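Colleague: Dropping in coords-v9.cif, which is mmCIF, N, CA and C atoms:
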data_my_file
loop_
_atom_site.label_atom_id
_atom_site.label_comp_id
_atom_site.auth_asym_id
_atom_site.auth_seq_id
_atom_site.Cartn_x
_atom_site.Cartn_y
_atom_site.Cartn_z
N MET A 16 0.82 -1.20 0.00
CA MET A 16 0.00 0.00 0.00
C MET A 16 0.86 1.26 0.00
N ILE A 17 1.96 1.24 0.73
CA ILE A 17 2.84 2.40 0.77
C ILE A 17 3.46 2.64 -0.60
N ALA A 18 3.91 1.55 -1.24
CA ALA A 18 4.49 1.67 -2.57
C ALA A 18 3.47 2.25 -3.55
N LYS A 19 2.23 1.84 -3.44
CA LYS A 19 1.17 2.34 -4.32
C LYS A 19 0.97 3.85 -4.11
N ALA A 20 0.96 4.27 -2.86
CA ALA A 20 0.79 5.70 -2.56
C ALA A 20 1.96 6.51 -3.09
N ILE A 21 3.17 5.97 -2.99
CA ILE A 21 4.35 6.66 -3.52
C ILE A 21 4.27 6.74 -5.04
N ALA A 22 3.94 5.63 -5.68
CA ALA A 22 3.86 5.59 -7.15
C ALA A 22 2.78 6.53 -7.68
N GLN A 23 1.70 6.70 -6.96
CA GLN A 23 0.61 7.57 -7.40
C GLN A 23 0.87 9.04 -7.12
N GLN A 24 1.99 9.33 -6.48
CA GLN A 24 2.35 10.72 -6.18
C GLN A 24 1.27 11.45 -5.38
N THR A 25 0.68 10.76 -4.42
CA THR A 25 -0.35 11.38 -3.60
C THR A 25 0.29 12.38 -2.64
N PRO A 26 -0.35 13.52 -2.40
CA PRO A 26 0.23 14.50 -1.48
C PRO A 26 0.03 14.13 -0.01
N VAL A 27 -0.95 13.25 0.26
CA VAL A 27 -1.26 12.84 1.62
C VAL A 27 -1.28 11.31 1.67
N ILE A 28 -0.63 10.76 2.69
CA ILE A 28 -0.65 9.31 2.90
C ILE A 28 -1.19 9.08 4.31
N LEU A 29 -2.23 8.27 4.40
CA LEU A 29 -2.88 7.94 5.68
C LEU A 29 -2.66 6.45 5.94
N LEU A 30 -2.02 6.12 7.06
CA LEU A 30 -1.67 4.74 7.38
C LEU A 30 -2.16 4.36 8.77
N ASP A 31 -2.75 3.19 8.86
CA ASP A 31 -3.24 2.66 10.14
C ASP A 31 -2.30 1.56 10.61
N GLU A 32 -1.53 1.83 11.64
CA GLU A 32 -0.59 0.86 12.23
C GLU A 32 0.29 0.19 11.17
N PRO A 33 1.04 0.96 10.39
CA PRO A 33 1.83 0.36 9.31
C PRO A 33 2.98 -0.52 9.80
N THR A 34 3.37 -0.38 11.05
CA THR A 34 4.50 -1.17 11.55
C THR A 34 4.08 -2.33 12.45
N SER A 35 2.80 -2.58 12.57
CA SER A 35 2.31 -3.53 13.58
C SER A 35 2.83 -4.95 13.45
N PHE A 36 3.10 -5.43 12.26
CA PHE A 36 3.56 -6.82 12.12
C PHE A 36 5.01 -6.90 11.64
N LEU A 37 5.76 -5.82 11.81
CA LEU A 37 7.15 -5.79 11.37
C LEU A 37 8.10 -6.02 12.54
N ASP A 38 9.27 -6.59 12.24
CA ASP A 38 10.29 -6.71 13.28
C ASP A 38 10.87 -5.32 13.56
N PHE A 39 11.66 -5.22 14.61
CA PHE A 39 12.15 -3.93 15.08
C PHE A 39 12.91 -3.17 14.00
N ASN A 40 13.86 -3.83 13.34
CA ASN A 40 14.65 -3.15 12.31
C ASN A 40 13.78 -2.66 11.16
N SER A 41 12.82 -3.46 10.75
CA SER A 41 11.92 -3.07 9.67
C SER A 41 11.02 -1.90 10.08
N ARG A 42 10.64 -1.85 11.34
CA ARG A 42 9.84 -0.72 11.84
C ARG A 42 10.62 0.58 11.68
N ILE A 43 11.87 0.54 12.10
CA ILE A 43 12.70 1.74 12.02
C ILE A 43 12.89 2.15 10.57
N GLU A 44 13.21 1.18 9.70
CA GLU A 44 13.41 1.49 8.28
C GLU A 44 12.17 2.12 7.66
N LEU A 45 11.00 1.56 7.96
CA LEU A 45 9.77 2.11 7.40
C LEU A 45 9.51 3.52 7.90
N LEU A 46 9.68 3.75 9.19
CA LEU A 46 9.43 5.08 9.74
C LEU A 46 10.44 6.10 9.22
N LEU A 47 11.69 5.68 9.02
CA LEU A 47 12.68 6.59 8.43
C LEU A 47 12.33 6.91 6.98
N LEU A 48 11.85 5.91 6.23
CA LEU A 48 11.41 6.14 4.86
C LEU A 48 10.27 7.15 4.83
N LEU A 49 9.30 6.97 5.70
CA LEU A 49 8.16 7.89 5.75
C LEU A 49 8.60 9.30 6.13
N SER A 50 9.55 9.40 7.03
CA SER A 50 10.08 10.70 7.44
C SER A 50 10.78 11.39 6.26
N ARG A 51 11.57 10.62 5.51
CA ARG A 51 12.24 11.18 4.32
C ARG A 51 11.21 11.65 3.29
N LEU A 52 10.17 10.84 3.06
CA LEU A 52 9.12 11.24 2.12
C LEU A 52 8.46 12.55 2.55
N ALA A 53 8.18 12.67 3.83
CA ALA A 53 7.53 13.88 4.34
C ALA A 53 8.40 15.10 4.11
N HIS A 54 9.68 14.98 4.40
CA HIS A 54 10.56 16.15 4.32
C HIS A 54 11.08 16.42 2.91
N GLU A 55 11.46 15.38 2.19
CA GLU A 55 12.05 15.59 0.86
C GLU A 55 11.00 15.74 -0.24
N GLU A 56 9.88 15.05 -0.10
CA GLU A 56 8.84 15.10 -1.14
C GLU A 56 7.67 16.00 -0.72
N GLN A 57 7.78 16.61 0.45
CA GLN A 57 6.75 17.51 0.97
C GLN A 57 5.39 16.82 1.05
N LYS A 58 5.38 15.57 1.51
CA LYS A 58 4.12 14.83 1.67
C LYS A 58 3.62 14.98 3.11
N THR A 59 2.33 14.94 3.25
CA THR A 59 1.72 14.89 4.57
C THR A 59 1.45 13.43 4.88
N ILE A 60 2.01 12.94 5.97
CA ILE A 60 1.84 11.54 6.34
C ILE A 60 1.23 11.48 7.73
N LEU A 61 0.05 10.88 7.80
CA LEU A 61 -0.63 10.67 9.07
C LEU A 61 -0.65 9.17 9.32
N LEU A 62 -0.20 8.77 10.49
CA LEU A 62 -0.26 7.35 10.81
C LEU A 62 -0.61 7.13 12.26
N SER A 63 -1.31 6.05 12.50
CA SER A 63 -1.62 5.66 13.88
C SER A 63 -0.58 4.65 14.31
N SER A 64 -0.22 4.70 15.59
CA SER A 64 0.78 3.78 16.10
C SER A 64 0.64 3.64 17.61
N HIS A 65 0.89 2.43 18.08
CA HIS A 65 0.99 2.21 19.52
C HIS A 65 2.46 2.17 19.95
N ASP A 66 3.37 2.34 19.00
CA ASP A 66 4.80 2.33 19.29
C ASP A 66 5.23 3.74 19.67
N VAL A 67 4.92 4.10 20.90
CA VAL A 67 5.11 5.47 21.38
C VAL A 67 6.57 5.87 21.36
N GLN A 68 7.47 4.96 21.75
CA GLN A 68 8.89 5.33 21.81
C GLN A 68 9.45 5.71 20.44
N LEU A 69 9.13 4.95 19.41
CA LEU A 69 9.60 5.32 18.07
C LEU A 69 8.91 6.58 17.58
N ALA A 70 7.63 6.71 17.85
CA ALA A 70 6.89 7.90 17.42
C ALA A 70 7.49 9.16 18.05
N MET A 71 7.84 9.08 19.32
CA MET A 71 8.42 10.25 20.00
C MET A 71 9.73 10.67 19.35
N GLN A 72 10.48 9.71 18.86
CA GLN A 72 11.79 10.02 18.29
C GLN A 72 11.73 10.43 16.82
N LEU A 73 10.72 9.96 16.08
CA LEU A 73 10.73 10.16 14.63
C LEU A 73 9.63 11.08 14.09
N ALA A 74 8.62 11.35 14.88
CA ALA A 74 7.50 12.17 14.38
C ALA A 74 7.80 13.66 14.50
N ASP A 75 7.29 14.42 13.54
CA ASP A 75 7.38 15.88 13.64
C ASP A 75 6.34 16.41 14.62
N ARG A 76 5.15 15.79 14.60
CA ARG A 76 4.07 16.16 15.50
C ARG A 76 3.37 14.90 15.95
N LEU A 77 2.86 14.92 17.16
CA LEU A 77 2.10 13.80 17.70
C LEU A 77 0.68 14.27 18.03
N TRP A 78 -0.24 13.38 17.81
CA TRP A 78 -1.62 13.59 18.25
C TRP A 78 -1.87 12.54 19.31
N LEU A 79 -2.08 12.98 20.53
CA LEU A 79 -2.34 12.06 21.64
C LEU A 79 -3.83 12.04 21.93
N LEU A 80 -4.40 10.86 21.91
CA LEU A 80 -5.81 10.70 22.21
C LEU A 80 -5.93 10.01 23.57
N SER A 81 -6.51 10.70 24.53
CA SER A 81 -6.62 10.16 25.88
C SER A 81 -7.77 9.16 25.97
N ASP A 82 -7.83 8.46 27.09
CA ASP A 82 -8.93 7.53 27.33
C ASP A 82 -10.27 8.23 27.32
N SER A 83 -10.26 9.52 27.67
CA SER A 83 -11.52 10.30 27.68
C SER A 83 -11.76 10.99 26.32
N HIS A 84 -11.00 10.59 25.30
CA HIS A 84 -11.16 11.07 23.93
C HIS A 84 -10.76 12.54 23.75
N GLN A 85 -9.89 13.03 24.63
CA GLN A 85 -9.37 14.39 24.48
C GLN A 85 -8.13 14.33 23.59
N LEU A 86 -8.06 15.21 22.59
CA LEU A 86 -6.94 15.24 21.66
C LEU A 86 -5.98 16.34 22.04
N THR A 87 -4.69 15.99 22.14
CA THR A 87 -3.63 16.95 22.41
C THR A 87 -2.62 16.84 21.28
N VAL A 88 -2.25 17.96 20.66
CA VAL A 88 -1.36 17.96 19.50
C VAL A 88 -0.15 18.84 19.79
N GLY A 89 1.02 18.36 19.35
CA GLY A 89 2.23 19.16 19.48
C GLY A 89 3.45 18.37 19.04
N THR A 90 4.59 19.03 19.04
CA THR A 90 5.83 18.32 18.75
C THR A 90 6.12 17.41 19.95
N PRO A 91 6.93 16.38 19.76
CA PRO A 91 7.27 15.55 20.92
C PRO A 91 7.86 16.38 22.08
N ARG A 92 8.70 17.36 21.76
CA ARG A 92 9.29 18.20 22.81
C ARG A 92 8.21 18.99 23.53
N GLN A 93 7.29 19.60 22.80
CA GLN A 93 6.21 20.37 23.42
C GLN A 93 5.37 19.49 24.33
N LEU A 94 5.04 18.29 23.87
CA LEU A 94 4.20 17.40 24.65
C LEU A 94 4.93 16.86 25.88
N ALA A 95 6.24 16.67 25.76
CA ALA A 95 7.02 16.23 26.92
C ALA A 95 7.12 17.37 27.94
N ASP A 96 7.44 18.57 27.45
CA ASP A 96 7.60 19.71 28.35
C ASP A 96 6.29 20.11 29.04
N SER A 97 5.17 19.92 28.36
CA SER A 97 3.87 20.28 28.95
C SER A 97 3.37 19.23 29.94
N GLY A 98 3.99 18.04 29.92
CA GLY A 98 3.55 16.96 30.80
C GLY A 98 2.52 16.05 30.16
N ALA A 99 2.08 16.36 28.94
CA ALA A 99 1.04 15.55 28.29
C ALA A 99 1.53 14.13 28.02
N LEU A 100 2.78 13.98 27.56
CA LEU A 100 3.31 12.64 27.33
C LEU A 100 3.43 11.87 28.63
N GLY A 101 3.95 12.51 29.65
CA GLY A 101 4.09 11.86 30.95
C GLY A 101 2.76 11.39 31.51
N THR A 102 1.73 12.21 31.36
CA THR A 102 0.40 11.85 31.83
C THR A 102 -0.13 10.64 31.07
N MET A 103 0.05 10.65 29.74
CA MET A 103 -0.45 9.55 28.93
C MET A 103 0.29 8.24 29.24
N LEU A 104 1.58 8.33 29.51
CA LEU A 104 2.40 7.14 29.70
C LEU A 104 2.47 6.67 31.14
N GLN A 105 1.94 7.44 32.08
CA GLN A 105 2.04 7.11 33.50
C GLN A 105 1.27 5.83 33.82
N ARG A 106 1.98 4.90 34.37
CA ARG A 106 1.42 3.63 34.83
C ARG A 106 2.22 3.20 36.06
N ASP A 107 1.67 2.27 36.83
CA ASP A 107 2.44 1.72 37.94
C ASP A 107 3.70 1.09 37.37
N ASN A 108 4.82 1.34 38.00
CA ASN A 108 6.11 0.76 37.64
C ASN A 108 6.67 1.26 36.31
N VAL A 109 6.12 2.33 35.74
CA VAL A 109 6.66 2.88 34.49
C VAL A 109 7.07 4.33 34.76
N GLU A 110 8.29 4.64 34.33
CA GLU A 110 8.83 5.99 34.50
C GLU A 110 9.15 6.56 33.11
N PHE A 111 8.64 7.74 32.82
CA PHE A 111 8.92 8.42 31.56
C PHE A 111 9.91 9.54 31.81
N ASN A 112 10.99 9.56 31.04
CA ASN A 112 11.98 10.63 31.14
C ASN A 112 11.72 11.62 30.01
N PRO A 113 11.19 12.80 30.32
CA PRO A 113 10.84 13.76 29.27
C PRO A 113 12.05 14.38 28.58
N HIS A 114 13.23 14.25 29.16
CA HIS A 114 14.42 14.86 28.57
C HIS A 114 14.94 14.07 27.38
N ASP A 115 14.86 12.74 27.47
CA ASP A 115 15.36 11.92 26.35
C ASP A 115 14.31 10.96 25.79
N PHE A 116 13.05 11.15 26.17
CA PHE A 116 11.91 10.38 25.64
C PHE A 116 12.04 8.88 25.91
N THR A 117 12.60 8.49 27.03
CA THR A 117 12.73 7.06 27.31
C THR A 117 11.72 6.61 28.35
N LEU A 118 11.36 5.35 28.26
CA LEU A 118 10.48 4.70 29.24
C LEU A 118 11.29 3.66 29.97
N ARG A 119 11.06 3.55 31.26
CA ARG A 119 11.75 2.54 32.05
C ARG A 119 10.72 1.82 32.90
N VAL A 120 10.76 0.50 32.85
CA VAL A 120 9.85 -0.32 33.64
C VAL A 120 10.60 -0.79 34.88
N HIS A 121 10.01 -0.58 36.04
CA HIS A 121 10.64 -0.93 37.32
C HIS A 121 9.94 -2.13 37.96
N ASN A 122 10.71 -2.91 38.69
CA ASN A 122 10.18 -4.00 39.52
C ASN A 122 9.25 -4.94 38.77
N VAL A 123 9.72 -5.43 37.65
CA VAL A 123 8.92 -6.39 36.90
C VAL A 123 8.94 -7.71 37.66
N PRO A 124 7.79 -8.15 38.18
CA PRO A 124 7.78 -9.39 38.95
C PRO A 124 7.97 -10.61 38.05
N GLN A 125 8.74 -11.57 38.56
CA GLN A 125 8.92 -12.84 37.84
C GLN A 125 8.43 -13.95 38.74
N GLU A 126 7.76 -14.91 38.13
CA GLU A 126 7.32 -16.07 38.88
C GLU A 126 8.55 -16.90 39.23
N PRO A 127 8.56 -17.49 40.42
CA PRO A 127 9.69 -18.34 40.79
C PRO A 127 9.88 -19.44 39.74
N GLY A 128 11.13 -19.62 39.34
CA GLY A 128 11.44 -20.65 38.35
C GLY A 128 11.12 -20.25 36.93
N LYS A 129 10.68 -18.99 36.72
CA LYS A 129 10.30 -18.55 35.38
C LYS A 129 11.34 -17.60 34.79
N GLY A 130 12.54 -17.58 35.34
CA GLY A 130 13.59 -16.71 34.81
C GLY A 130 14.17 -17.29 33.54
N PRO A 131 15.27 -16.70 33.05
CA PRO A 131 15.90 -17.20 31.84
C PRO A 131 16.29 -18.67 32.00
N GLU A 132 16.15 -19.39 30.92
CA GLU A 132 16.46 -20.82 30.95
C GLU A 132 17.46 -21.13 29.85
N ARG A 133 18.47 -21.92 30.18
CA ARG A 133 19.41 -22.37 29.17
C ARG A 133 18.79 -23.53 28.43
N VAL A 134 18.93 -23.49 27.14
CA VAL A 134 18.39 -24.58 26.32
C VAL A 134 19.58 -25.45 25.90
N SER A 135 19.50 -26.71 26.25
CA SER A 135 20.58 -27.61 25.87
C SER A 135 20.21 -28.33 24.58
N GLU A 136 21.22 -28.70 23.86
CA GLU A 136 21.01 -29.37 22.58
C GLU A 136 20.25 -30.67 22.77
N GLY A 137 19.32 -30.92 21.91
CA GLY A 137 18.57 -32.18 21.96
C GLY A 137 17.36 -32.16 22.86
N LYS A 138 17.16 -31.10 23.63
CA LYS A 138 16.02 -31.02 24.53
C LYS A 138 14.78 -30.64 23.75
N GLU A 139 13.71 -31.39 23.92
CA GLU A 139 12.46 -31.11 23.19
C GLU A 139 11.52 -30.31 24.07
N TYR A 140 10.76 -29.44 23.44
CA TYR A 140 9.78 -28.61 24.14
C TYR A 140 8.44 -28.84 23.58
#
Would you mind writing the file out in structure tokens?
Modeller:
Amino acid sequence: MIAKAIAQQTPVILLDEPTSFLDFNSRIELLLLLSRLAHEEQKTILLSSHDVQLAMQLADRLWLLSDSHQLTVGTPRQLADSGALGTMLQRDNVEFNPHDFTLRVHNVPQEPGKGPERVSEGKEY
């Protein structure tokens, strides 16, 4: 679909979760491609995403939709400085750093015996 929009020379591209089934490297490549298209080809690109960390780093503007359906719009820096990003991302055991747009999860509980496991050759699962 993205290739079709590029080939048709559309001025606006609207995408719904375009990175949802991609691996991490492919997500970054796609978002960088879209960013280049927006800046070099002067295209307007609107996309929905639940990948907040990548969106904060790569988007020119973010539209945050709260649980109460309130829309807040601004650059990632504006939304971080205003506290809007922190409010949206606030959860128990989650810390948002507005200076570098990072999220940190604290005290992730593990079930006893459910930690990392070494897999030995020949073992069937």
Colleague: Using Å and a single decimal, report how far CA of Gln57 in chain A sits from atom C of Asp38 in chain A.
Modeller: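 About the pair atom C of Asp38 in chain A and CA of Gln57 in chain A: they are 26.4 Å apart.
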Colleague: Given the file shown, determine the residues that the PyMOL selection byres (((chain A and resi 91 and name CA) around 9) and name CA) selects; report them as a PyMOL selection string.
Modeller: chain A and resi 70-77+89-90+92-96+100+116
Colleague: Between A:Ser97, A:Thr59, A:Ser50, A:Ser41, which is the closest to Pro26 in chain A once you count all atoms listed in the file?
Modeller: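 Smallest separation from Pro26 in chain A among the options: A:Thr59.
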Colleague: If you count all atoms listed in the file, which residues fall within 6.5 Å of range 31-35 of chain A, apart from same-chain ones fewer than 4 positions away, as a list in words?
Modeller: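 Contacts, in chain order: Arg42, Leu61, Leu62, Ser63, Ser64 and His65 of chain A.
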Colleague: Name the residues of chain A that come out as alpha helix (DSSP H) in a backbone DSSP run; write them as a count of residues only.
Modeller: 43
Colleague: Which residue is closest to Leu80 in chain A? Choose from A:Val67, A:Leu46, A:Met16, A:Met103 and count only N, CA and C atoms.
Modeller: A:Met103
Colleague: Just how far from CA of Ala53 in chain A is CA of Val27 in chain A, in Å to one decimal?
Modeller: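 Taking CA of Val27 in chain A and CA of Ala53 in chain A, their separation equals 9.3 Å.
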Colleague: Running the PyMOL selection byres ((chain A and resi 121) around 5) on this model by hand, what would come out? Give it as JSON, numbers by chain.
Modeller: {"A": [108, 109, 119, 120, 122, 123]}
Colleague: Would you return as a ChimeraX atom specification the members of chain A that DSSP assigns to strand (DSSP E) on this structure's backbone?
Modeller: /A:27-31,59-63,77-80,86-89,109-112,117-120
Colleague: Go through A:Ser81, A:Arg106, A:Asn40, A:Lys58 one by one, measure the shortest atom-to-atom distance of each to Thr25 in chain A using all atoms listed in the file, and give the residue with the smallest value.
Modeller: A:Lys58
Colleague: For each of A:Ala22, A:Leu118, A:Leu69, A:Ala99, take the minimum atom-to-atom distance to Leu45 in chain A, counting only C-alpha atoms, then give the residue where this is smallest.
Modeller: A:Leu69
Colleague: So how many Å separate CA of Pro113 in chain A and CA of Asp82 in chain A, to one decimal?
Modeller: 20.8 Å
